[in-house]
Amino acid sequence: QVQLVESGGGSVQAGGSLRLSCAASGVSVSSYCLGWFRQVPGREREGVATMPRFGTTAYADSVKRRFTISRDNAENTLYLQMNSLNPEDTGTYYCAAARDALCRGRLSRPDDMDYWGKGTLVTISS
């Protein structure tokens with residue numbers, strides 16, 4: 001049974017940083033396409049960053065040079081380091097995994113993913 005459990009969300013002021021974690025079980029983070037997505041009420045879930053099994057990671061334009069996706073194969077954990085946060089980054093952040101290990105060669109869309117965590121809330125105040 002695949003489980004993805006996010007942690008690390010919280011409330012910070014604009015300009016601050018947060019590091020999200022996603023602990024995986026039932027799936028190896030070294031073998032899947034992994035991604036972080038976010039959603040705010042009334043809007044569609046959007047891709048933030050995705051990491052293929054090998055190759056280049058992909059980021060949404062709005063987070064480039066501020067967010068970094070990474071994984072620790074030994075810990076079977078996915079991370080998202082978020083710096084220079086602004087109020088537009090507020091939302092619920094979800095970790096996801098896809099069996100297509102190459103992430104289709106682009107920033108993944110929600111319907112590309114096969115497994116989801118339950119999300120962690122990030123709130124950025126101005």
# chains A, B, ... in the order shown; residues from 1 in each chain; ligands from 1
>>> select_by_dssp(residues="chain A", states="helix (DSSP H, G or I)", output="PyMOL selection string")
chain A and resi 61-63+87-89+103-105+110-112
>>> residues_around(residues="Gln81 in chain A", least_positions_apart="2", cutoff="9 Å", atoms="only C-alpha atoms", output="VMD selection string")
chain A and resid 17 to 21 66 to 70 79 83
>>> residues_around(residues="range 57-63 of chain A", least_positions_apart="3", cutoff="10 Å", atoms="only C-alpha atoms", output="count of residues only")
31
>>> closest_residue(among="A:Arg38, A:Ile124, A:Val29, A:Val5", to="Arg109 in chain A", atoms="only C-alpha atoms")
A:Arg38
>>> closest_residue(among="A:Ala23, A:Gly117, A:Leu4, A:Tyr32", to="Asp100 in chain A", atoms="only C-alpha atoms")
A:Tyr32
>>> select_by_dssp(residues="chain A", states="strand (DSSP E)", output="PyMOL selection string")
chain A and resi 3-7+10-13+18-25+33-39+46-51+58-59+67-72+77-82+91-98+115-116+120-125
>>> closest_residue(among="A:Thr92, A:Gln13, A:Gln1, A:Ser7", to="Ser125 in chain A", atoms="only C-alpha atoms")
A:Gln13
>>> closest_residue(among="A:Val27, A:Ala97, A:Val40, A:Leu80", to="Gly9 in chain A", atoms="only C-alpha atoms")
A:Leu80
>>> atom_distance(atom1="CA of Tyr94 in chain A", atom2="CA of Met113 in chain A")
11.2 Å
